[in-house]
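See below for upload-v9.csv, which holds CSV, C-alpha atoms.
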chain,number,residue,atom,x,y,z
D,138,MET,CA,-19.9,-30.6,24.5
D,139,ALA,CA,-21.2,-27.5,23.0
D,140,ASN,CA,-18.5,-25.0,23.9
D,141,LYS,CA,-16.3,-23.8,26.7
D,142,LYS,CA,-15.9,-20.2,27.2
D,143,ILE,CA,-12.7,-18.9,28.7
D,144,ALA,CA,-12.6,-15.2,29.7
D,145,ILE,CA,-9.3,-13.4,29.9
D,146,LEU,CA,-9.3,-10.4,32.2
D,147,SER,CA,-6.9,-8.3,34.2
D,148,GLY,CA,-8.2,-5.3,36.1
D,149,LYS,CA,-5.3,-3.1,35.0
D,150,GLY,CA,-4.9,-2.3,31.3
D,151,GLY,CA,-1.7,-3.3,29.4
D,152,THR,CA,-0.9,-6.4,31.4
D,153,GLY,CA,-1.3,-8.8,28.5
D,154,LYS,CA,-4.9,-9.8,28.1
D,155,THR,CA,-4.8,-9.7,24.4
D,156,LEU,CA,-1.3,-11.3,24.2
D,157,VAL,CA,-2.7,-14.3,26.2
D,158,SER,CA,-6.1,-14.4,24.3
D,159,VAL,CA,-4.8,-14.3,20.8
D,160,ASN,CA,-2.0,-16.8,21.5
D,161,LEU,CA,-4.4,-19.3,23.1
D,162,ALA,CA,-6.9,-19.0,20.3
D,163,ALA,CA,-4.1,-19.4,17.7
D,164,ALA,CA,-2.6,-22.3,19.6
D,165,GLU,CA,-6.0,-24.1,19.7
D,166,GLY,CA,-6.5,-23.4,16.0
D,167,ASN,CA,-10.2,-24.1,15.3
D,168,SER,CA,-11.6,-21.8,17.9
D,169,TYR,CA,-13.3,-18.5,18.5
D,170,TYR,CA,-11.6,-15.3,19.6
D,171,VAL,CA,-14.1,-12.7,20.9
D,172,ASP,CA,-12.9,-9.1,21.5
D,173,CYS,CA,-15.1,-7.6,24.2
D,174,ASP,CA,-12.8,-4.6,24.8
D,175,VAL,CA,-15.2,-2.6,22.6
D,176,GLU,CA,-13.8,0.8,23.5
D,177,GLU,CA,-10.4,-0.1,22.0
D,178,PRO,CA,-10.5,-3.6,20.4
D,179,ASN,CA,-7.0,-4.6,19.3
D,180,GLY,CA,-7.2,-8.4,18.7
D,181,HIS,CA,-7.8,-7.7,15.0
D,182,LEU,CA,-4.3,-6.0,14.8
D,183,PHE,CA,-2.9,-9.5,15.5
D,184,PHE,CA,-5.3,-11.8,13.7
D,185,LYS,CA,-5.7,-9.4,10.7
D,186,PRO,CA,-8.9,-11.3,9.9
D,187,LYS,CA,-10.7,-11.4,6.6
D,188,ILE,CA,-14.0,-9.8,7.5
D,189,ILE,CA,-17.0,-11.9,6.4
D,190,LYS,CA,-19.9,-10.3,8.2
D,191,LYS,CA,-20.7,-6.9,9.8
D,192,LYS,CA,-23.6,-6.1,12.0
D,193,ASP,CA,-24.7,-2.6,13.3
D,194,ILE,CA,-25.6,-2.4,16.9
D,195,PHE,CA,-28.4,-0.1,18.0
D,196,VAL,CA,-29.9,1.1,21.3
D,197,LYS,CA,-33.2,2.8,22.0
D,198,ILE,CA,-33.2,6.4,22.9
D,199,PRO,CA,-36.2,8.7,23.6
D,200,ASN,CA,-37.9,10.5,20.8
D,201,ILE,CA,-40.0,13.5,22.1
D,202,ASP,CA,-43.2,14.6,20.4
D,203,ASN,CA,-43.3,18.2,21.6
D,204,SER,CA,-46.9,18.7,20.4
D,205,LEU,CA,-48.0,16.1,23.0
D,206,CYS,CA,-45.6,17.3,25.8
D,207,SER,CA,-47.4,19.1,28.7
D,208,GLY,CA,-44.1,20.3,30.3
D,209,CYS,CA,-44.8,18.3,33.5
D,210,ARG,CA,-41.1,17.2,33.7
D,211,GLU,CA,-41.8,13.8,35.1
D,212,CYS,CA,-39.3,12.4,32.6
D,213,VAL,CA,-36.6,14.9,33.7
D,214,GLU,CA,-37.2,14.0,37.4
D,215,PHE,CA,-37.1,10.3,36.6
D,216,CYS,CA,-33.9,10.1,34.7
D,217,LYS,CA,-31.1,9.2,37.1
D,218,PHE,CA,-28.5,9.6,34.4
D,219,ASN,CA,-29.4,13.3,33.8
D,220,ALA,CA,-30.0,12.6,30.1
D,221,LEU,CA,-33.0,14.9,30.0
D,222,ALA,CA,-33.5,18.6,30.8
D,223,TYR,CA,-36.4,21.0,30.4
D,224,GLY,CA,-35.9,24.6,29.3
D,225,ARG,CA,-38.5,25.7,26.9
D,226,GLN,CA,-39.0,22.0,25.9
D,227,VAL,CA,-37.5,18.7,26.7
D,228,ILE,CA,-33.9,18.4,25.6
D,229,VAL,CA,-32.4,14.8,25.1
D,230,PHE,CA,-28.7,14.2,25.6
D,231,GLU,CA,-28.4,11.1,23.5
D,232,GLU,CA,-24.8,10.3,24.6
D,233,VAL,CA,-25.8,10.4,28.3
D,234,CYS,CA,-28.9,8.2,27.9
D,235,HIS,CA,-28.5,4.6,29.2
D,236,SER,CA,-31.6,3.4,27.2
D,237,CYS,CA,-33.6,2.3,30.2
D,238,GLY,CA,-36.9,3.4,28.6
D,239,GLY,CA,-38.1,4.8,32.0
D,240,CYS,CA,-38.9,8.2,30.6
D,241,MET,CA,-41.3,6.7,28.1
D,242,LEU,CA,-43.1,4.8,30.9
D,243,VAL,CA,-43.5,7.8,33.2
D,244,CYS,CA,-44.7,10.2,30.6
D,245,PRO,CA,-48.4,10.9,31.4
D,246,THR,CA,-49.2,12.2,27.9
D,247,LYS,CA,-47.4,9.5,25.9
D,248,ALA,CA,-45.2,12.2,24.3
D,249,ILE,CA,-42.1,9.9,24.4
D,250,SER,CA,-41.5,7.1,22.0
D,251,GLU,CA,-38.3,5.3,21.2
D,252,LYS,CA,-36.0,5.4,18.2
D,253,ASP,CA,-32.9,3.5,17.2
D,254,LYS,CA,-29.5,4.9,17.6
D,255,LYS,CA,-26.4,3.2,16.2
D,256,ILE,CA,-23.7,2.8,18.9
D,257,GLY,CA,-21.2,0.5,17.1
D,258,VAL,CA,-20.6,-2.5,14.9
D,259,ILE,CA,-19.7,-6.2,15.3
D,260,GLU,CA,-17.3,-7.6,12.7
D,261,GLU,CA,-16.9,-11.4,12.2
D,262,GLY,CA,-13.9,-12.6,10.4
D,263,VAL,CA,-11.5,-15.5,9.9
D,264,SER,CA,-7.7,-15.7,10.5
D,265,ASP,CA,-6.4,-19.2,9.5
D,266,GLU,CA,-8.6,-21.5,11.5
D,267,VAL,CA,-9.5,-19.0,14.1
D,268,LYS,CA,-12.9,-17.3,13.9
D,269,THR,CA,-12.7,-13.7,15.2
D,270,ILE,CA,-15.6,-11.6,16.4
D,271,SER,CA,-14.9,-8.0,17.4
D,272,GLY,CA,-17.1,-5.4,18.9
D,273,ILE,CA,-16.3,-1.8,18.0
D,274,MET,CA,-18.1,1.0,19.9
D,275,ASN,CA,-18.4,4.5,18.5
D,276,THR,CA,-16.4,7.1,20.3
D,277,GLY,CA,-18.3,8.9,23.0
D,278,GLU,CA,-21.0,6.3,23.7
D,279,VAL,CA,-21.9,5.7,27.3
D,280,SER,CA,-21.7,1.9,27.6
D,281,GLY,CA,-20.4,-1.0,25.6
D,282,VAL,CA,-22.8,-3.5,27.3
D,283,PRO,CA,-25.3,-3.7,24.5
D,284,ILE,CA,-22.5,-4.6,22.0
D,285,ILE,CA,-21.0,-7.2,24.5
D,286,LYS,CA,-24.4,-8.8,25.0
D,287,GLU,CA,-24.7,-9.3,21.2
D,288,LEU,CA,-21.1,-10.6,21.0
D,289,LEU,CA,-21.9,-13.3,23.6
D,290,ASN,CA,-25.2,-14.0,21.9
D,291,ILE,CA,-23.4,-14.8,18.7
D,292,ILE,CA,-21.1,-17.4,20.4
D,293,LYS,CA,-23.7,-18.8,22.7
D,294,ASP,CA,-24.2,-22.1,20.8
D,295,VAL,CA,-21.0,-22.5,18.8
D,296,GLU,CA,-18.8,-25.6,19.0
D,297,GLY,CA,-15.4,-25.6,20.6
D,298,LEU,CA,-13.3,-23.3,22.6
D,299,VAL,CA,-14.2,-19.6,22.9
D,300,PHE,CA,-11.6,-17.1,24.1
D,301,ILE,CA,-13.2,-13.9,25.5
D,302,ASP,CA,-10.7,-11.0,25.5
D,303,CYS,CA,-12.3,-8.7,28.2
D,304,PRO,CA,-12.1,-5.0,28.7
D,305,PRO,CA,-9.8,-3.7,31.4
D,306,GLY,CA,-11.2,-2.8,34.9
D,307,SER,CA,-13.8,-4.5,36.9
D,308,ALA,CA,-16.9,-2.5,35.9
D,309,CYS,CA,-20.2,-3.4,34.1
D,310,VAL,CA,-18.6,-4.2,30.8
D,311,VAL,CA,-16.2,-6.7,32.5
D,312,MET,CA,-19.1,-8.3,34.5
D,313,GLU,CA,-21.0,-8.7,31.2
D,314,SER,CA,-18.0,-10.2,29.5
D,315,VAL,CA,-17.4,-12.9,32.2
D,316,LYS,CA,-20.9,-13.8,33.2
D,317,ASP,CA,-21.2,-16.7,30.8
D,318,ALA,CA,-17.6,-17.9,31.2
D,319,ASP,CA,-16.7,-21.4,32.2
D,320,TYR,CA,-13.2,-20.3,33.3
D,321,CYS,CA,-11.4,-17.0,33.9
D,322,ILE,CA,-7.8,-16.4,33.3
D,323,LEU,CA,-6.5,-13.4,35.3
D,324,VAL,CA,-3.4,-11.8,33.7
D,325,ALA,CA,-1.2,-9.9,36.1
D,326,GLU,CA,2.1,-8.0,35.9
D,327,PRO,CA,4.7,-7.7,38.6
D,328,THR,CA,3.8,-4.3,39.9
D,329,VAL,CA,2.0,-3.0,43.0
D,330,PHE,CA,-0.6,-1.5,40.8
D,331,GLY,CA,-1.0,-4.8,38.9
D,332,ALA,CA,-1.4,-6.7,42.1
D,333,HIS,CA,-4.0,-4.3,43.4
D,334,ASN,CA,-6.1,-4.6,40.3
D,335,LEU,CA,-5.5,-8.4,40.2
D,336,ALA,CA,-7.1,-8.5,43.7
D,337,MET,CA,-10.1,-6.5,42.4
D,338,VAL,CA,-10.8,-8.8,39.5
D,339,HIS,CA,-10.2,-11.9,41.6
D,340,ARG,CA,-12.8,-10.6,44.0
D,341,LEU,CA,-15.2,-10.0,41.1
D,342,VAL,CA,-14.8,-13.5,39.5
D,343,SER,CA,-15.1,-15.0,43.0
D,344,LEU,CA,-18.4,-13.2,43.5
D,345,PHE,CA,-19.6,-14.6,40.2
D,346,GLY,CA,-18.5,-18.1,41.4
D,347,LYS,CA,-16.1,-18.6,38.5
D,348,LYS,CA,-13.2,-21.0,38.4
D,349,CYS,CA,-10.0,-19.1,37.8
D,350,GLY,CA,-6.2,-19.1,37.6
D,351,VAL,CA,-3.5,-16.5,37.1
D,352,VAL,CA,-1.0,-15.9,34.3
D,353,LEU,CA,1.9,-13.9,35.6
D,354,ASN,CA,3.2,-11.8,32.7
D,355,LYS,CA,6.4,-9.8,32.3
D,356,CYS,CA,8.1,-11.9,35.0
D,357,GLU,CA,11.6,-11.1,36.1
D,358,THR,CA,13.4,-12.6,39.1
D,359,GLY,CA,12.7,-11.0,42.4
D,360,PHE,CA,9.9,-8.6,43.3
D,361,ASN,CA,6.4,-9.8,42.2
D,362,PRO,CA,3.5,-8.7,44.3
D,363,SER,CA,1.1,-10.4,42.0
D,364,GLU,CA,2.8,-13.7,42.6
D,365,ASP,CA,2.7,-13.0,46.4
D,366,PHE,CA,-1.0,-12.3,46.2
D,367,CYS,CA,-1.6,-15.7,44.4
D,368,ILE,CA,0.5,-17.6,47.0
D,369,LYS,CA,-1.1,-15.9,49.9
D,370,ASN,CA,-4.7,-16.5,48.6
D,371,ASN,CA,-4.0,-20.0,47.3
D,372,ILE,CA,-4.8,-19.1,43.7
D,373,GLU,CA,-3.4,-21.4,41.0
D,374,ILE,CA,-0.6,-19.9,38.9
D,375,LEU,CA,-1.2,-21.2,35.4
D,376,ALA,CA,1.9,-19.8,33.7
D,377,ARG,CA,4.7,-17.4,34.0
D,378,VAL,CA,5.4,-15.4,30.9
D,379,PRO,CA,8.9,-13.9,31.0
D,380,PHE,CA,9.7,-10.3,30.5
D,381,ASP,CA,11.3,-10.9,27.1
D,382,ASN,CA,12.5,-8.5,24.5
D,383,ASP,CA,11.7,-11.0,21.7
D,384,LEU,CA,8.1,-11.5,22.8
D,385,GLY,CA,7.7,-7.7,23.2
D,386,SER,CA,9.1,-7.1,19.7
D,387,LEU,CA,6.8,-9.7,18.1
D,388,ASN,CA,3.8,-8.2,20.0
D,389,SER,CA,4.7,-4.7,18.9
D,390,GLU,CA,4.8,-5.8,15.3
D,391,GLY,CA,1.3,-7.3,15.6
D,392,LYS,CA,2.6,-10.8,15.3
D,393,ILE,CA,1.2,-13.8,17.2
D,394,ALA,CA,4.0,-15.6,19.0
D,395,VAL,CA,2.7,-19.2,18.5
D,396,ARG,CA,2.4,-18.5,14.7
D,397,GLU,CA,6.1,-17.4,14.6
D,398,ASN,CA,9.4,-19.0,15.4
D,399,TYR,CA,9.3,-17.8,19.0
D,400,LYS,CA,11.6,-19.6,21.4
D,401,ASN,CA,9.1,-19.8,24.3
D,402,LYS,CA,6.0,-20.6,22.4
D,403,ASP,CA,5.6,-23.9,24.2
D,404,LEU,CA,4.6,-21.8,27.1
D,405,PHE,CA,1.3,-20.9,25.4
D,406,TYR,CA,0.6,-24.5,24.3
D,407,SER,CA,1.2,-25.7,27.9
D,408,LEU,CA,-1.1,-23.0,29.2
D,409,LEU,CA,-3.7,-24.1,26.7
D,410,SER,CA,-3.6,-27.7,28.0
D,411,THR,CA,-3.8,-26.6,31.6
D,412,VAL,CA,-6.9,-24.5,30.8
D,413,LYS,CA,-8.5,-27.2,28.7
D,414,GLU,CA,-8.0,-29.6,31.6
D,415,ALA,CA,-9.6,-27.1,34.0
D,416,VAL,CA,-12.8,-26.8,31.8
D,417,LYS,CA,-13.1,-30.5,31.0
O,567,MET,CA,-33.2,39.2,38.3
O,568,ARG,CA,-31.2,36.3,39.6
O,569,ILE,CA,-27.5,35.7,39.1
O,570,ALA,CA,-25.7,32.4,40.0
O,571,ILE,CA,-22.0,31.9,40.7
O,572,PRO,CA,-20.5,28.4,41.5
O,573,VAL,CA,-18.7,28.7,44.8
O,574,ASN,CA,-16.5,26.6,47.0
O,575,GLU,CA,-18.0,27.8,50.3
O,576,LYS,CA,-21.3,29.4,51.5
O,577,ASP,CA,-19.6,32.7,51.8
O,578,LEU,CA,-19.7,35.9,49.7
O,579,LYS,CA,-15.9,36.0,50.2
O,580,SER,CA,-15.6,32.5,48.6
O,581,GLY,CA,-13.6,32.2,45.4
O,582,VAL,CA,-15.4,31.1,42.2
O,583,CYS,CA,-15.4,27.3,41.8
O,584,PRO,CA,-13.5,26.2,38.7
O,585,SER,CA,-16.2,23.5,38.0
O,586,PHE,CA,-19.6,24.6,36.9
O,587,GLY,CA,-21.5,21.3,37.2
O,588,ARG,CA,-19.7,19.9,40.3
O,589,ALA,CA,-19.4,23.1,42.4
O,590,PRO,CA,-20.6,22.3,45.9
O,591,TYR,CA,-22.8,25.4,46.1
O,592,TYR,CA,-24.2,28.2,44.0
O,593,LEU,CA,-24.5,31.8,45.2
O,594,ILE,CA,-27.8,33.1,44.0
O,595,TYR,CA,-27.9,36.9,44.0
O,596,GLU,CA,-31.1,38.8,43.5
O,597,THR,CA,-30.3,42.1,41.8
O,598,ASN,CA,-33.7,43.7,42.7
O,599,ASP,CA,-33.2,43.6,46.4
O,600,LYS,CA,-29.5,42.8,46.5
O,601,THR,CA,-30.0,39.7,48.6
O,602,SER,CA,-27.9,36.5,48.5
O,603,ILE,CA,-28.7,32.9,49.2
O,604,PHE,CA,-26.6,29.8,48.9
O,605,LEU,CA,-28.0,26.8,47.1
O,606,ASP,CA,-26.6,23.2,47.6
O,607,ASN,CA,-25.7,21.8,44.3
O,608,ILE,CA,-27.7,18.5,44.2
O,609,ALA,CA,-26.0,17.7,40.8
O,610,ALA,CA,-22.5,17.6,42.3
O,611,GLN,CA,-22.6,13.9,43.3
O,612,SER,CA,-24.1,12.7,40.0
O,613,ALA,CA,-22.2,9.8,38.4
O,614,GLY,CA,-22.7,11.5,35.0
O,615,GLY,CA,-24.5,14.4,33.5
O,616,ALA,CA,-23.7,16.8,36.4
O,617,GLY,CA,-23.6,19.8,34.1
O,618,ILE,CA,-27.0,19.1,32.7
O,619,LYS,CA,-28.6,18.6,36.1
O,620,ALA,CA,-26.8,21.7,37.5
O,621,ALA,CA,-28.1,23.8,34.6
O,622,GLN,CA,-31.6,22.5,35.2
O,623,LEU,CA,-31.3,23.4,38.9
O,624,LEU,CA,-30.4,26.9,38.1
O,625,LEU,CA,-33.2,27.2,35.5
O,626,ASP,CA,-35.6,26.0,38.1
O,627,ASN,CA,-34.3,28.7,40.5
O,628,GLU,CA,-35.1,31.3,37.8
O,629,VAL,CA,-31.5,32.2,37.2
O,630,LYS,CA,-31.0,34.4,34.1
O,631,VAL,CA,-27.2,35.2,34.4
O,632,ILE,CA,-24.3,32.9,35.4
O,633,ILE,CA,-20.8,34.0,36.3
O,634,ALA,CA,-18.3,31.2,35.9
O,635,PRO,CA,-14.8,30.4,34.5
O,636,ARG,CA,-16.1,27.8,32.1
O,637,TYR,CA,-18.9,25.4,31.4
O,638,GLY,CA,-19.5,22.3,29.4
O,639,GLU,CA,-21.2,21.6,26.1
O,640,ASN,CA,-24.1,19.8,27.7
O,641,ALA,CA,-24.8,22.6,30.3
O,642,ALA,CA,-24.5,25.1,27.4
O,643,LYS,CA,-27.2,23.3,25.5
O,644,VAL,CA,-29.6,23.6,28.4
O,645,LEU,CA,-28.7,27.2,29.2
O,646,VAL,CA,-28.7,28.5,25.6
O,647,ASP,CA,-32.2,27.0,25.1
O,648,ALA,CA,-33.4,29.0,28.1
O,649,ASN,CA,-31.6,32.2,27.1
O,650,VAL,CA,-29.4,32.2,30.1
O,651,ILE,CA,-26.3,34.4,29.6
O,652,VAL,CA,-22.9,33.3,31.0
O,653,TYR,CA,-20.2,35.8,31.9
O,654,ARG,CA,-16.5,34.9,32.5
O,655,ASN,CA,-15.5,35.6,36.1
O,656,ILE,CA,-12.6,37.8,37.1
O,657,ASP,CA,-10.0,37.0,39.8
O,658,GLY,CA,-11.4,37.6,43.3
O,659,SER,CA,-14.3,36.6,45.4
O,660,ALA,CA,-17.9,35.9,44.5
O,661,GLU,CA,-18.7,39.4,45.9
O,662,ASP,CA,-16.1,41.0,43.7
O,663,ASN,CA,-17.7,39.3,40.7
O,664,ILE,CA,-21.2,40.6,41.6
O,665,LYS,CA,-19.7,44.1,41.8
O,666,ALA,CA,-18.0,43.7,38.5
O,667,TYR,CA,-21.2,42.5,36.9
O,668,GLU,CA,-23.2,45.4,38.2
O,669,ASN,CA,-20.5,47.8,36.9
O,670,LYS,CA,-20.7,46.0,33.5
O,671,LYS,CA,-17.0,44.9,33.8
O,672,LEU,CA,-17.5,41.3,32.8
O,673,ASP,CA,-17.2,39.7,29.4
O,674,ILE,CA,-19.5,37.2,28.0
O,675,LEU,CA,-18.1,33.6,28.1
O,676,ALA,CA,-18.2,32.5,24.5
O,677,ASP,CA,-15.9,29.5,24.5
O,678,ILE,CA,-17.4,26.3,25.8
O,679,HIS,CA,-15.3,23.6,27.3
O,680,PRO,CA,-15.6,20.4,25.4
O,681,GLY,CA,-15.6,18.5,28.7
O,682,HIS,CA,-13.6,15.5,30.0
O,683,HIS,CA,-16.4,13.1,29.1
O,684,ASN,CA,-14.5,11.1,26.4
O,685,HIS,CA,-11.0,11.4,27.7
O,686,GLY,CA,-10.0,13.9,25.1
O,687,LYS,CA,-11.1,11.9,22.1
How would this structure read if it were set down as structure tokens?
Amino acid sequence: MANKKIAILSGKGGTGKTLVSVNLAAAEGNSYYVDCDVEEPNGHLFFKPKIIKKKDIFVKIPNIDNSLCSGCRECVEFCKFNALAYGRQVIVFEEVCHSCGGCMLVCPTKAISEKDKKIGVIEEGVSDEVKTISGIMNTGEVSGVPIIKELLNIIKDVEGLVFIDCPPGSACVVMESVKDADYCILVAEPTVFGAHNLAMVHRLVSLFGKKCGVVLNKCETGFNPSEDFCIKNNIEILARVPFDNDLGSLNSEGKIAVRENYKNKDLFYSLLSTVKEAVK
Amino acid sequence: MRIAIPVNEKDLKSGVCPSFGRAPYYLIYETNDKTSIFLDNIAAQSAGGAGIKAAQLLLDNEVKVIIAPRYGENAAKVLVDANVIVYRNIDGSAEDNIKAYENKKLDILADIHPGHHNHGK
């Protein structure tokens, strides 16, 4: 066994992706925690890792040589992201550019080359036995995908369990984060909004052909449309995390429940065994 | 000389559209012969960079003056580079604003909207 990658995602933000991810990684001990929520990574607030390695992440953006530009505007017409305009010369909007390189290819006078632009950084660290890897994107950048690609490249051949804390939503950054996963944990809260977004990510991971199960977070008795969705669609419910003031308090203080004297911490150990069984 | 106003409808009585880049149409008014045409804004449906593309569209239509309530940083970069002047609109229809421009009643729009691109960060 090289490694097993477990992606934790949710659709809706604030449902408990990081809660589940950090507790599973800490419960496993010798494992990897990868924070792919590069727009607002927060796993480090819990692990408080000792940083051992930093790596800048760059993308390519166009560099215009105006002395070679004929003003034909092929590049402006080509760019579907509207990152180029032509007034008296070509204007590049670096933060709008998706680094496709197309403008360089279509330029008939070879006036466009590429240059590096830093969009963020990856920090590798350790927290007890857990190895943490966090992607941090600079504010205002158009896409975190290049950072996520590098995060997944780092853990490609490591040994053991890898817990991938995904971004919220179901867009490109989430697809990138789950594409190599062996198993997906969908975290859902008992609200209509939560159930709606659970349905969206469930559809996404099904399209990708991933095995998955659901963690119902913030459970109280009674109304739980997310639970109803699971039962109706025959989706395995891996765990029910109670709506619990103690857990909420620990979480708000940046503490990891399984590393504290938390009364329900067996819940995370039992979730871990269930998931390990599923990826065996 | 050509003036552009973002409008909600293809009508001189239309109000000025609050969005520059995503307005459905532009009224293009030619001051020389006092004629008006309406231009479909091809930038309105862009996933991103609508202001840039809209500014480009107006440059390509040889617009020298724009009357609008606000415009974004990216559009400003394109328009400033091409020496297009933007005036702040007054309450009333597109037609009222053309009259106000011709009577030199409009002020130059100096403040540029930082945009919603980064959710206020």
Exercise. Got a sec to pull out which chain O residues are within 7 Å of chain D, counting all atoms listed in the file, and send them as a list in words?
Worked result: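 Applying the cut-off to the listed atoms yields Gly614, Gly615, Ile618, Lys619, Gln622, Val644, Asp647, Ala648 and Asn684 of chain O.
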Problem set entry | Pairwise distance for CA of Asn200 (chain D) and CA of Phe215 (chain D), rounded to one decimal in Å |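 Atom-to-atom, CA of Asn200 (chain D) and CA of Phe215 (chain D) are spaced 15.8 Å apart.
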Exercise. Do you know which residues are at most 8 Å from region 159-176 of chain D counting all atoms listed in the file, after dropping those on the same chain fewer than 5 positions away, and could you put them as a PyMOL selection string?
Worked result: chain D and resi 183-184+265-276+281+284-285+288+297-305+314+393-396+405-406+408-409
Problem set entry | Gap from CA of Leu645 (chain O) to CA of Gln611 (chain O) - Å, one decimal |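 Between CA of Leu645 (chain O) and CA of Gln611 (chain O) the gap is 20.3 Å.
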Exercise. In Å to one decimal, how far is CA of Ser410 (chain D) from CA of Ser307 (chain D)?
Worked result: 26.9 Å
Exercise. Counting all atoms listed in the file, what is within 9 Å of Ile664 (chain O), bar same-chain residues fewer than 6 positions away, as a count of residues only?
Worked result: 4
For this session: Would you list the contacts of Pro572 (chain O) as a VMD selection string, taking every protein, DNA or RNA residue within 10 Å and counting all atoms listed in the file, but skipping same-chain residues closer than 4 positions in sequence?
Result: chain O and resid 580 to 594 604 to 605 607 632 to 635 660
